[in-house]
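Shown here: data-v9.pdb, PDB, C-alpha atoms, pLDDT in the B column.
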ATOM      1  CA  MET U   1       0.000   0.000   0.000  1.00 52.00           C
ATOM      2  CA  ASN U   2       2.801   2.365   0.906  1.00 59.00           C
ATOM      3  CA  GLN U   3       4.861   1.393  -2.141  1.00 64.00           C
ATOM      4  CA  LEU U   4       1.934   2.078  -4.439  1.00 67.00           C
ATOM      5  CA  SER U   5       1.460   5.608  -3.117  1.00 84.00           C
ATOM      6  CA  LEU U   6       5.202   6.326  -3.378  1.00 88.00           C
ATOM      7  CA  LYS U   7       5.162   5.495  -7.099  1.00 87.00           C
ATOM      8  CA  HIS U   8       2.040   7.596  -7.461  1.00 87.00           C
ATOM      9  CA  PHE U   9       3.827  10.453  -5.737  1.00 88.00           C
ATOM     10  CA  ILE U  10       6.798  10.211  -8.113  1.00 90.00           C
ATOM     11  CA  VAL U  11       4.576  10.044 -11.193  1.00 91.00           C
ATOM     12  CA  ARG U  12       2.542  12.973  -9.905  1.00 89.00           C
ATOM     13  CA  SER U  13       5.695  15.069  -9.570  1.00 90.00           C
ATOM     14  CA  GLN U  14       6.618  14.107 -13.140  1.00 92.00           C
ATOM     15  CA  VAL U  15       3.226  15.280 -14.358  1.00 92.00           C
ATOM     16  CA  VAL U  16       3.589  18.579 -12.502  1.00 92.00           C
ATOM     17  CA  ALA U  17       7.107  19.067 -13.922  1.00 93.00           C
ATOM     18  CA  LEU U  18       5.807  18.440 -17.443  1.00 94.00           C
ATOM     19  CA  TYR U  19       2.990  20.963 -16.951  1.00 94.00           C
ATOM     20  CA  ARG U  20       5.474  23.498 -15.615  1.00 93.00           C
ATOM     21  CA  ASP U  21       7.776  23.075 -18.617  1.00 94.00           C
ATOM     22  CA  ILE U  22       4.812  23.458 -20.958  1.00 94.00           C
ATOM     23  CA  MET U  23       3.673  26.665 -19.246  1.00 93.00           C
ATOM     24  CA  ARG U  24       7.166  28.144 -19.248  1.00 92.00           C
ATOM     25  CA  THR U  25       7.557  27.389 -22.941  1.00 92.00           C
ATOM     26  CA  LEU U  26       4.147  28.821 -23.765  1.00 92.00           C
ATOM     27  CA  LEU U  27       5.029  32.104 -22.061  1.00 90.00           C
ATOM     28  CA  LYS U  28       7.746  32.614 -24.670  1.00 88.00           C
ATOM     29  CA  ILE U  29       5.238  32.706 -27.494  1.00 86.00           C
ATOM     30  CA  ASP U  30       4.720  36.289 -28.592  1.00 84.00           C
ATOM     31  CA  ASP U  31       1.384  35.916 -30.336  1.00 86.00           C
ATOM     32  CA  GLN U  32      -1.250  36.233 -27.613  1.00 88.00           C
ATOM     33  CA  ASP U  33      -3.991  34.409 -29.481  1.00 92.00           C
ATOM     34  CA  TYR U  34      -1.777  31.481 -30.335  1.00 90.00           C
ATOM     35  CA  ARG U  35      -0.567  31.358 -26.744  1.00 90.00           C
ATOM     36  CA  LYS U  36      -4.128  31.286 -25.435  1.00 91.00           C
ATOM     37  CA  GLU U  37      -5.068  28.562 -27.875  1.00 92.00           C
ATOM     38  CA  MET U  38      -2.099  26.383 -26.944  1.00 91.00           C
ATOM     39  CA  ARG U  39      -2.777  26.914 -23.246  1.00 91.00           C
ATOM     40  CA  GLU U  40      -6.397  25.824 -23.658  1.00 92.00           C
ATOM     41  CA  TRP U  41      -5.243  22.799 -25.623  1.00 92.00           C
ATOM     42  CA  ALA U  42      -2.760  21.834 -22.903  1.00 92.00           C
ATOM     43  CA  ARG U  43      -5.401  22.286 -20.202  1.00 92.00           C
ATOM     44  CA  THR U  44      -7.951  20.113 -21.996  1.00 92.00           C
ATOM     45  CA  GLU U  45      -5.368  17.398 -22.597  1.00 91.00           C
ATOM     46  CA  PHE U  46      -4.397  17.314 -18.931  1.00 92.00           C
ATOM     47  CA  ASN U  47      -7.995  17.467 -17.755  1.00 90.00           C
ATOM     48  CA  ARG U  48      -8.966  14.637 -20.051  1.00 90.00           C
ATOM     49  CA  CYS U  49      -6.414  12.322 -18.391  1.00 87.00           C
ATOM     50  CA  ARG U  50      -7.156  13.558 -14.895  1.00 85.00           C
ATOM     51  CA  LYS U  51      -9.060  10.471 -13.775  1.00 83.00           C
ATOM     52  CA  LEU U  52      -6.452   7.935 -14.876  1.00 82.00           C
ATOM     53  CA  THR U  53      -5.204   5.685 -12.101  1.00 82.00           C
ATOM     54  CA  ASP U  54      -3.085   3.119 -13.939  1.00 86.00           C
ATOM     55  CA  LEU U  55       0.573   4.088 -13.574  1.00 85.00           C
ATOM     56  CA  GLY U  56       1.561   2.682 -16.990  1.00 89.00           C
ATOM     57  CA  GLU U  57      -1.094   4.758 -18.728  1.00 90.00           C
ATOM     58  CA  ILE U  58      -0.066   7.886 -16.865  1.00 91.00           C
ATOM     59  CA  ARG U  59       3.576   7.364 -17.788  1.00 92.00           C
ATOM     60  CA  THR U  60       2.623   6.867 -21.435  1.00 93.00           C
ATOM     61  CA  GLN U  61       0.681  10.125 -21.396  1.00 92.00           C
ATOM     62  CA  VAL U  62       3.605  11.938 -19.787  1.00 93.00           C
ATOM     63  CA  ALA U  63       5.968  10.643 -22.491  1.00 95.00           C
ATOM     64  CA  LEU U  64       3.480  11.734 -25.158  1.00 93.00           C
ATOM     65  CA  GLY U  65       3.307  15.166 -23.576  1.00 93.00           C
ATOM     66  CA  ARG U  66       7.105  15.421 -23.566  1.00 94.00           C
ATOM     67  CA  ARG U  67       7.194  14.607 -27.264  1.00 95.00           C
ATOM     68  CA  HIS U  68       4.577  17.283 -27.963  1.00 93.00           C
ATOM     69  CA  LEU U  69       6.604  19.776 -25.937  1.00 93.00           C
ATOM     70  CA  ASN U  70       9.789  19.011 -27.884  1.00 94.00           C
ATOM     71  CA  GLU U  71       7.900  19.476 -31.165  1.00 93.00           C
ATOM     72  CA  LEU U  72       6.565  22.801 -29.891  1.00 91.00           C
ATOM     73  CA  LYS U  73      10.038  23.964 -28.938  1.00 92.00           C
ATOM     74  CA  LEU U  74      11.368  23.034 -32.376  1.00 93.00           C
ATOM     75  CA  THR U  75       8.511  24.915 -34.034  1.00 89.00           C
ATOM     76  CA  MET U  76       9.221  27.982 -31.936  1.00 87.00           C
ATOM     77  CA  GLN U  77      12.926  27.843 -32.765  1.00 87.00           C
ATOM     78  CA  MET U  78      12.203  27.635 -36.445  1.00 88.00           C
ATOM     79  CA  ALA U  79       9.670  30.440 -36.269  1.00 81.00           C
ATOM     80  CA  SER U  80      11.924  32.921 -34.441  1.00 73.00           C
TER      81      SER U  80
ATOM     82  CA  MET O   1      51.268  41.919 -32.278  1.00 58.00           C
ATOM     83  CA  LEU O   2      50.609  43.254 -28.823  1.00 62.00           C
ATOM     84  CA  SER O   3      48.352  45.996 -30.170  1.00 62.00           C
ATOM     85  CA  SER O   4      46.395  43.470 -32.246  1.00 63.00           C
ATOM     86  CA  THR O   5      45.771  41.257 -29.185  1.00 59.00           C
ATOM     87  CA  VAL O   6      44.717  44.314 -27.207  1.00 60.00           C
ATOM     88  CA  ARG O   7      42.329  45.280 -30.001  1.00 63.00           C
ATOM     89  CA  LEU O   8      40.957  41.727 -30.107  1.00 59.00           C
ATOM     90  CA  LEU O   9      40.335  41.773 -26.349  1.00 56.00           C
ATOM     91  CA  MET O  10      38.597  45.134 -26.524  1.00 56.00           C
ATOM     92  CA  ARG O  11      36.381  43.987 -29.365  1.00 57.00           C
ATOM     93  CA  SER O  12      35.472  40.742 -27.570  1.00 51.00           C
ATOM     94  CA  GLY O  13      34.726  42.761 -24.426  1.00 49.00           C
ATOM     95  CA  SER O  14      32.136  44.792 -26.314  1.00 50.00           C
ATOM     96  CA  LEU O  15      30.718  41.567 -27.762  1.00 49.00           C
ATOM     97  CA  LEU O  16      30.346  40.058 -24.291  1.00 45.00           C
ATOM     98  CA  ARG O  17      28.298  42.924 -22.931  1.00 48.00           C
ATOM     99  CA  PRO O  18      24.991  42.007 -24.606  1.00 46.00           C
ATOM    100  CA  LEU O  19      25.499  38.375 -23.553  1.00 44.00           C
ATOM    101  CA  ILE O  20      25.577  39.197 -19.856  1.00 46.00           C
ATOM    102  CA  ILE O  21      22.112  38.433 -18.555  1.00 44.00           C
ATOM    103  CA  THR O  22      20.856  41.030 -16.149  1.00 45.00           C
ATOM    104  CA  ALA O  23      17.739  42.749 -14.951  1.00 45.00           C
ATOM    105  CA  ARG O  24      16.561  45.796 -16.884  1.00 48.00           C
ATOM    106  CA  PRO O  25      19.278  48.407 -17.374  1.00 48.00           C
ATOM    107  CA  LEU O  26      18.240  51.739 -16.022  1.00 47.00           C
ATOM    108  CA  SER O  27      19.172  54.130 -18.794  1.00 51.00           C
ATOM    109  CA  ILE O  28      20.930  54.517 -22.097  1.00 47.00           C
ATOM    110  CA  LYS O  29      21.636  58.160 -22.799  1.00 47.00           C
ATOM    111  CA  PRO O  30      23.664  59.743 -25.584  1.00 47.00           C
ATOM    112  CA  THR O  31      26.457  61.834 -24.151  1.00 49.00           C
ATOM    113  CA  LEU O  32      28.848  64.224 -25.766  1.00 51.00           C
ATOM    114  CA  ILE O  33      32.156  64.563 -23.993  1.00 50.00           C
ATOM    115  CA  ASN O  34      35.455  66.190 -24.721  1.00 45.00           C
ATOM    116  CA  LEU O  35      34.173  69.201 -26.565  1.00 47.00           C
ATOM    117  CA  THR O  36      37.501  70.455 -27.862  1.00 50.00           C
ATOM    118  CA  GLU O  37      37.471  71.143 -31.551  1.00 47.00           C
ATOM    119  CA  LYS O  38      40.125  68.580 -32.262  1.00 47.00           C
ATOM    120  CA  ARG O  39      38.574  65.511 -30.699  1.00 46.00           C
ATOM    121  CA  LYS O  40      34.833  65.454 -30.234  1.00 47.00           C
ATOM    122  CA  THR O  41      33.772  62.030 -29.134  1.00 49.00           C
ATOM    123  CA  LEU O  42      30.167  60.898 -29.036  1.00 47.00           C
ATOM    124  CA  ILE O  43      29.450  57.976 -26.797  1.00 46.00           C
ATOM    125  CA  ASN O  44      26.158  56.346 -27.549  1.00 46.00           C
ATOM    126  CA  GLU O  45      25.736  54.712 -24.188  1.00 44.00           C
ATOM    127  CA  ILE O  46      26.892  55.754 -20.802  1.00 45.00           C
ATOM    128  CA  PRO O  47      28.045  52.669 -18.943  1.00 44.00           C
ATOM    129  CA  ARG O  48      24.921  50.806 -17.945  1.00 47.00           C
ATOM    130  CA  ARG O  49      24.331  50.417 -14.270  1.00 46.00           C
ATOM    131  CA  TRP O  50      23.922  46.699 -13.613  1.00 46.00           C
ATOM    132  CA  SER O  51      22.016  47.206 -10.370  1.00 57.00           C
ATOM    133  CA  HIS O  52      18.509  45.835 -10.575  1.00 66.00           C
ATOM    134  CA  VAL O  53      15.317  47.771 -10.086  1.00 77.00           C
ATOM    135  CA  HIS O  54      14.647  48.915  -6.563  1.00 83.00           C
ATOM    136  CA  TYR O  55      12.013  46.584  -5.183  1.00 88.00           C
ATOM    137  CA  THR O  56       9.542  47.918  -2.636  1.00 90.00           C
ATOM    138  CA  TYR O  57       6.661  46.195  -0.908  1.00 92.00           C
ATOM    139  CA  PRO O  58       3.831  48.160  -2.665  1.00 92.00           C
ATOM    140  CA  MET O  59       5.387  47.473  -6.044  1.00 92.00           C
ATOM    141  CA  ILE O  60       5.672  43.724  -5.416  1.00 93.00           C
ATOM    142  CA  GLU O  61       2.158  43.557  -3.986  1.00 94.00           C
ATOM    143  CA  SER O  62       0.550  45.421  -6.880  1.00 94.00           C
ATOM    144  CA  ARG O  63       2.389  43.328  -9.471  1.00 94.00           C
ATOM    145  CA  VAL O  64       1.442  40.031  -7.827  1.00 94.00           C
ATOM    146  CA  MET O  65      -2.225  41.042  -7.467  1.00 94.00           C
ATOM    147  CA  LEU O  66      -2.264  42.192 -11.092  1.00 94.00           C
ATOM    148  CA  ILE O  67      -0.907  38.859 -12.288  1.00 93.00           C
ATOM    149  CA  LEU O  68      -3.493  37.018 -10.191  1.00 94.00           C
ATOM    150  CA  ARG O  69      -6.322  39.188 -11.518  1.00 93.00           C
ATOM    151  CA  LEU O  70      -5.233  38.611 -15.098  1.00 91.00           C
ATOM    152  CA  PHE O  71      -5.474  34.846 -14.543  1.00 91.00           C
ATOM    153  CA  ASP O  72      -8.712  33.784 -16.113  1.00 87.00           C
ATOM    154  CA  LYS O  73      -9.701  31.175 -13.548  1.00 88.00           C
ATOM    155  CA  ILE O  74      -9.633  33.668 -10.672  1.00 88.00           C
ATOM    156  CA  ASP O  75     -12.637  35.856  -9.905  1.00 87.00           C
ATOM    157  CA  SER O  76     -11.238  39.388  -9.448  1.00 86.00           C
ATOM    158  CA  ASN O  77     -13.960  40.435  -7.035  1.00 88.00           C
ATOM    159  CA  SER O  78     -13.300  37.665  -4.549  1.00 88.00           C
ATOM    160  CA  LEU O  79      -9.512  38.010  -4.636  1.00 90.00           C
ATOM    161  CA  LYS O  80      -8.074  39.255  -1.383  1.00 89.00           C
ATOM    162  CA  LEU O  81      -4.634  39.084   0.176  1.00 90.00           C
ATOM    163  CA  ASP O  82      -5.671  36.185   2.365  1.00 90.00           C
ATOM    164  CA  SER O  83      -7.948  34.249   0.031  1.00 91.00           C
ATOM    165  CA  ARG O  84      -6.608  30.735  -0.202  1.00 92.00           C
ATOM    166  CA  PHE O  85      -5.957  29.363  -3.676  1.00 91.00           C
ATOM    167  CA  VAL O  86      -7.278  25.845  -3.205  1.00 91.00           C
ATOM    168  CA  GLN O  87     -10.121  26.266  -0.713  1.00 91.00           C
ATOM    169  CA  ASP O  88     -11.520  29.747  -1.428  1.00 89.00           C
ATOM    170  CA  LEU O  89     -10.668  30.386  -5.072  1.00 90.00           C
ATOM    171  CA  GLY O  90     -11.170  26.788  -6.191  1.00 89.00           C
ATOM    172  CA  LEU O  91      -7.836  26.378  -7.932  1.00 91.00           C
ATOM    173  CA  ASP O  92      -5.964  23.202  -8.740  1.00 89.00           C
ATOM    174  CA  SER O  93      -2.334  22.249  -8.241  1.00 89.00           C
ATOM    175  CA  LEU O  94      -1.875  22.634 -12.004  1.00 91.00           C
ATOM    176  CA  ASP O  95      -3.334  26.147 -11.787  1.00 92.00           C
ATOM    177  CA  ILE O  96      -0.835  27.022  -9.085  1.00 94.00           C
ATOM    178  CA  VAL O  97       1.903  25.799 -11.447  1.00 94.00           C
ATOM    179  CA  GLU O  98       0.538  28.163 -14.099  1.00 93.00           C
ATOM    180  CA  ILE O  99       0.476  31.072 -11.676  1.00 94.00           C
ATOM    181  CA  THR O 100       4.049  30.286 -10.619  1.00 95.00           C
ATOM    182  CA  ALA O 101       5.180  30.266 -14.256  1.00 94.00           C
ATOM    183  CA  ALA O 102       3.520  33.659 -14.818  1.00 93.00           C
ATOM    184  CA  LEU O 103       5.197  35.048 -11.691  1.00 94.00           C
ATOM    185  CA  GLU O 104       8.577  33.736 -12.834  1.00 93.00           C
ATOM    186  CA  ASP O 105       8.052  35.514 -16.140  1.00 90.00           C
ATOM    187  CA  GLU O 106       7.041  38.760 -14.456  1.00 89.00           C
ATOM    188  CA  PHE O 107       9.810  38.926 -11.859  1.00 88.00           C
ATOM    189  CA  TRP O 108      12.571  37.537 -14.120  1.00 86.00           C
ATOM    190  CA  THR O 109      13.453  34.891 -11.614  1.00 89.00           C
ATOM    191  CA  GLU O 110      13.182  31.148 -11.053  1.00 90.00           C
ATOM    192  CA  ILE O 111      10.826  29.665  -8.498  1.00 92.00           C
ATOM    193  CA  PRO O 112      11.533  25.965  -7.907  1.00 90.00           C
ATOM    194  CA  ASP O 113       8.785  23.385  -7.371  1.00 87.00           C
ATOM    195  CA  CYS O 114       9.655  22.871  -3.723  1.00 89.00           C
ATOM    196  CA  ASP O 115       8.888  26.545  -3.051  1.00 91.00           C
ATOM    197  CA  SER O 116       5.743  26.832  -5.131  1.00 89.00           C
ATOM    198  CA  ASP O 117       4.258  23.876  -3.229  1.00 88.00           C
ATOM    199  CA  HIS O 118       3.989  26.106  -0.173  1.00 91.00           C
ATOM    200  CA  PHE O 119       2.013  28.883  -1.879  1.00 92.00           C
ATOM    201  CA  ALA O 120      -1.402  28.882  -0.199  1.00 92.00           C
ATOM    202  CA  THR O 121      -2.474  32.542  -0.271  1.00 93.00           C
ATOM    203  CA  PRO O 122      -1.319  35.638  -2.201  1.00 94.00           C
ATOM    204  CA  ARG O 123       0.216  36.825   1.034  1.00 93.00           C
ATOM    205  CA  HIS O 124       2.557  33.829   1.033  1.00 93.00           C
ATOM    206  CA  VAL O 125       3.588  34.589  -2.537  1.00 94.00           C
ATOM    207  CA  ILE O 126       4.297  38.247  -1.719  1.00 94.00           C
ATOM    208  CA  GLN O 127       6.240  37.272   1.380  1.00 93.00           C
ATOM    209  CA  TYR O 128       8.309  34.791  -0.626  1.00 94.00           C
ATOM    210  CA  LEU O 129       9.182  37.428  -3.202  1.00 93.00           C
ATOM    211  CA  CYS O 130       9.984  39.955  -0.496  1.00 92.00           C
ATOM    212  CA  ASP O 131      12.369  37.463   1.039  1.00 91.00           C
ATOM    213  CA  LYS O 132      13.915  36.818  -2.343  1.00 91.00           C
ATOM    214  CA  TYR O 133      14.553  40.504  -2.970  1.00 89.00           C
ATOM    215  CA  ASP O 134      15.347  41.492   0.626  1.00 87.00           C
ATOM    216  CA  VAL O 135      12.349  43.774   1.075  1.00 88.00           C
ATOM    217  CA  TYR O 136      11.378  44.184   4.706  1.00 85.00           C
ATOM    218  CA  GLU O 137       9.824  47.622   4.994  1.00 82.00           C
ATOM    219  CA  HIS O 138       6.381  46.133   5.688  1.00 83.00           C
ATOM    220  CA  ILE O 139       7.605  44.174   8.697  1.00 80.00           C
ATOM    221  CA  GLU O 140       7.214  45.796  12.066  1.00 73.00           C
ATOM    222  CA  PRO O 141      10.651  46.283  13.585  1.00 68.00           C
ATOM    223  CA  ILE O 142      11.168  44.351  16.755  1.00 68.00           C
ATOM    224  CA  SER O 143      11.832  46.980  19.358  1.00 67.00           C
ATOM    225  CA  ALA O 144      15.189  45.503  20.176  1.00 62.00           C
ATOM    226  CA  GLY O 145      15.489  45.248  23.883  1.00 74.00           C
ATOM    227  CA  LYS O 146      13.137  47.985  25.078  1.00 78.00           C
ATOM    228  CA  GLU O 147      13.018  46.353  28.478  1.00 79.00           C
ATOM    229  CA  TYR O 148      16.761  45.880  28.361  1.00 79.00           C
ATOM    230  CA  LEU O 149      17.254  49.592  27.669  1.00 81.00           C
ATOM    231  CA  GLU O 150      15.047  50.534  30.580  1.00 85.00           C
ATOM    232  CA  GLU O 151      16.899  48.160  32.877  1.00 86.00           C
ATOM    233  CA  ALA O 152      20.249  49.444  31.635  1.00 84.00           C
ATOM    234  CA  LYS O 153      19.151  53.015  32.290  1.00 87.00           C
ATOM    235  CA  ALA O 154      17.938  52.055  35.772  1.00 89.00           C
ATOM    236  CA  ALA O 155      21.247  50.289  36.494  1.00 89.00           C
ATOM    237  CA  ALA O 156      23.218  53.297  35.259  1.00 89.00           C
ATOM    238  CA  ASP O 157      21.147  55.597  37.470  1.00 89.00           C
ATOM    239  CA  ARG O 158      21.752  53.353  40.455  1.00 89.00           C
ATOM    240  CA  ALA O 159      25.492  53.272  39.706  1.00 87.00           C
ATOM    241  CA  HIS O 160      25.769  57.048  39.522  1.00 86.00           C
ATOM    242  CA  HIS O 161      23.719  57.877  42.582  1.00 79.00           C
TER     243      HIS O 161
END

For the file at hand, write its structure as structure tokens.
Amino acid sequence: MNQLSLKHFIVRSQVVALYRDIMRTLLKIDDQDYRKEMREWARTEFNRCRKLTDLGEIRTQVALGRRHLNELKLTMQMAS
Amino acid sequence: MLSSTVRLLMRSGSLLRPLIITARPLSIKPTLINLTEKRKTLINEIPRRWSHVHYTYPMIESRVMLILRLFDKIDSNSLKLDSRFVQDLGLDSLDIVEITAALEDEFWTEIPDCDSDHFATPRHVIQYLCDKYDVYEHIEPISAGKEYLEEAKAAADRAHH
């Protein structure tokens, strides 16, 4: 029981770190409308997976989010 | 050869200046010095002062409350200094992460996760930033040793009489 909640705690901190990186990257976007749109998209994605309890699924979603974030960073680099 | 190395160093020094990351420079003014006819030199920038902006408690408080009001999930009318994020304003841990990112952007600083976990009210946030920038004008000074001063005065009186 304790071990399960420890893994949950670690995964939760990974999710929060991913959300923080996304928000920090979004703040660098100059276009306000695009920034709002991306923020809404990120929020809906995270809210959609809010009720997940299986650790494997959560980790998969986190990895997917990381890939999206890397793509976004590349797009921003190419745009600037 | 010596003059060429000196010139290279001076040129690289002027290249390094824009790379140094700092808070906002205070002023860039054109100045005309050395007004003799022979050598008039125009310097486009006086040396920038690298000191950061002077932080005061009202400035920090107004900026933090402005950022919180601009956040779309917070109701501006119910926002007070002591309104708790989670219980009163109905925010989520992810929302607090968003607010922390916006504050980092506004104050040009980094706020690690371990610190933003402890943000419960706007007052906590303002106190954290005041500690970060060494602002303490809103704190009541502890009257250092008022009783001690009275006792010392009494002891001095007793010693002299």

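Residues surrounding O:Asp105 within 12 Å are Met23, Arg24, Thr25, Leu26, Leu27 and Lys28 of chain U; Arg63, Val64, Ile67, Glu98, Ile99, Thr100, Glu110 and Ile111 of chain O [all atoms listed in the file; sequence separation below 5 positions excluded].
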
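For the set U:Arg43, U:Leu18, U:Ser13, U:Leu6, the residue with the smallest atom-to-atom gap to U:Asn70 is U:Leu18, counting only C-alpha atoms.
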
Practice item. Just the residues within 10 Å of O:His54, please, counting all atoms listed in the file, with nothing from its chain fewer than 4 positions along; format it as a PyMOL selection string. Key: chain O and resi 59+133+135

Write a file of the selected residues as a CSV table (one decimal), in the coordinates of the input, keeping C-alpha atoms.
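Final output, result13.csv:
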chain,number,residue,atom,x,y,z
O,59,MET,CA,5.4,47.5,-6.0
O,133,TYR,CA,14.6,40.5,-3.0
O,135,VAL,CA,12.3,43.8,1.1

Exercise for review: Carefully work through the PyMOL selection byres ((chain O and resi 79-84) around 12) for this structure and note down the residues it includes, as a ChimeraX atom specification.
Suggested key: /O:61-62,64-71,73-78,85-92,96,118-127

Practice item. Give as a list in words the residues that the PyMOL selection byres ((chain O and resi 137) around 12) matches when applied to the coordinates above. Key: Tyr55, Thr56, Tyr57, Pro58, Met59, Ile60, Gln127, Cys130, Asp131, Tyr133, Asp134, Val135, Tyr136, His138, Ile139, Glu140 and Pro141 of chain O

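The set of residues that the ChimeraX specification (/U :<7) & /O takes from this file is Leu94, Val97, Glu98 and Ala101 of chain O.
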
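Between U:His68 and the candidates U:Met38, U:Leu55, U:Asp30, U:Cys49, the tightest atom-to-atom separation, counting all atoms listed in the file, involves U:Met38.
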
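Using only C-alpha atoms, the protein and nucleic acid residues lying no more than 12 Å from U:Thr53, apart from those fewer than 6 places from it along its own chain, are Leu4, Ser5, Lys7, His8, Val11, Arg12, Arg59 and Gln61 of chain U.
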
Those same residues, written as a compact mmCIF listing (two decimals), in the coordinates of the input with C-alpha atoms?
# COMPACT_ATOMS: atom_id res chain seq x y z
CA LEU U 4 1.93 2.08 -4.44
CA SER U 5 1.46 5.61 -3.12
CA LYS U 7 5.16 5.50 -7.10
CA HIS U 8 2.04 7.60 -7.46
CA VAL U 11 4.58 10.04 -11.19
CA ARG U 12 2.54 12.97 -9.90
CA ARG U 59 3.58 7.36 -17.79
CA GLN U 61 0.68 10.12 -21.40

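In this model, the gap between atom CA of U:Met78 and atom CA of U:Ile29 comes to 12.4 Å.
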
Check your understanding: Pick from O:Val53, O:Tyr148, O:His161, O:Ala154: nearest to O:Phe107, with all atoms listed in the file counted?
Key -> O:Val53

**Study point:** One-decimal distance in Å that lies between atom CA of O:Leu103 and atom CA of O:Lys132
**Key:** 12.9 Å

Study note, to complete from the structure: From atom CA of U:Met76 to atom CA of U:Glu37 the spacing works out at 14.9 Å

Because some atoms of stretch 62-77 of chain U are absent here, can you restore N, CA and C atoms and send them as a CSV table (one decimal), in the frame of the given file?
chain,number,residue,atom,x,y,z
U,62,VAL,N,2.5,11.0,-20.1
U,62,VAL,CA,3.6,11.9,-19.8
U,62,VAL,C,4.6,11.9,-20.9
U,63,ALA,N,5.0,10.7,-21.4
U,63,ALA,CA,6.0,10.6,-22.5
U,63,ALA,C,5.4,11.3,-23.7
U,64,LEU,N,4.1,11.1,-24.0
U,64,LEU,CA,3.5,11.7,-25.2
U,64,LEU,C,3.5,13.3,-25.0
U,65,GLY,N,3.3,13.7,-23.8
U,65,GLY,CA,3.3,15.2,-23.6
U,65,GLY,C,4.7,15.7,-23.8
U,66,ARG,N,5.7,15.0,-23.4
U,66,ARG,CA,7.1,15.4,-23.6
U,66,ARG,C,7.4,15.6,-25.0
U,67,ARG,N,6.9,14.6,-25.8
U,67,ARG,CA,7.2,14.6,-27.3
U,67,ARG,C,6.5,15.8,-27.9
U,68,HIS,N,5.3,16.1,-27.5
U,68,HIS,CA,4.6,17.3,-28.0
U,68,HIS,C,5.4,18.5,-27.6
U,69,LEU,N,5.9,18.6,-26.4
U,69,LEU,CA,6.6,19.8,-25.9
U,69,LEU,C,7.9,20.0,-26.8
U,70,ASN,N,8.6,18.9,-27.1
U,70,ASN,CA,9.8,19.0,-27.9
U,70,ASN,C,9.5,19.5,-29.3
U,71,GLU,N,8.3,19.0,-29.8
U,71,GLU,CA,7.9,19.5,-31.2
U,71,GLU,C,7.6,21.0,-31.1
U,72,LEU,N,6.9,21.4,-30.0
U,72,LEU,CA,6.6,22.8,-29.9
U,72,LEU,C,7.8,23.7,-29.8
U,73,LYS,N,8.8,23.2,-29.1
U,73,LYS,CA,10.0,24.0,-28.9
U,73,LYS,C,10.7,24.1,-30.3
U,74,LEU,N,10.7,23.0,-31.1
U,74,LEU,CA,11.4,23.0,-32.4
U,74,LEU,C,10.6,24.0,-33.3
U,75,THR,N,9.3,24.0,-33.2
U,75,THR,CA,8.5,24.9,-34.0
U,75,THR,C,8.8,26.4,-33.7
U,76,MET,N,8.9,26.6,-32.4
U,76,MET,CA,9.2,28.0,-31.9
U,76,MET,C,10.6,28.4,-32.4
U,77,GLN,N,11.6,27.5,-32.3
U,77,GLN,CA,12.9,27.8,-32.8
U,77,GLN,C,12.9,28.2,-34.2
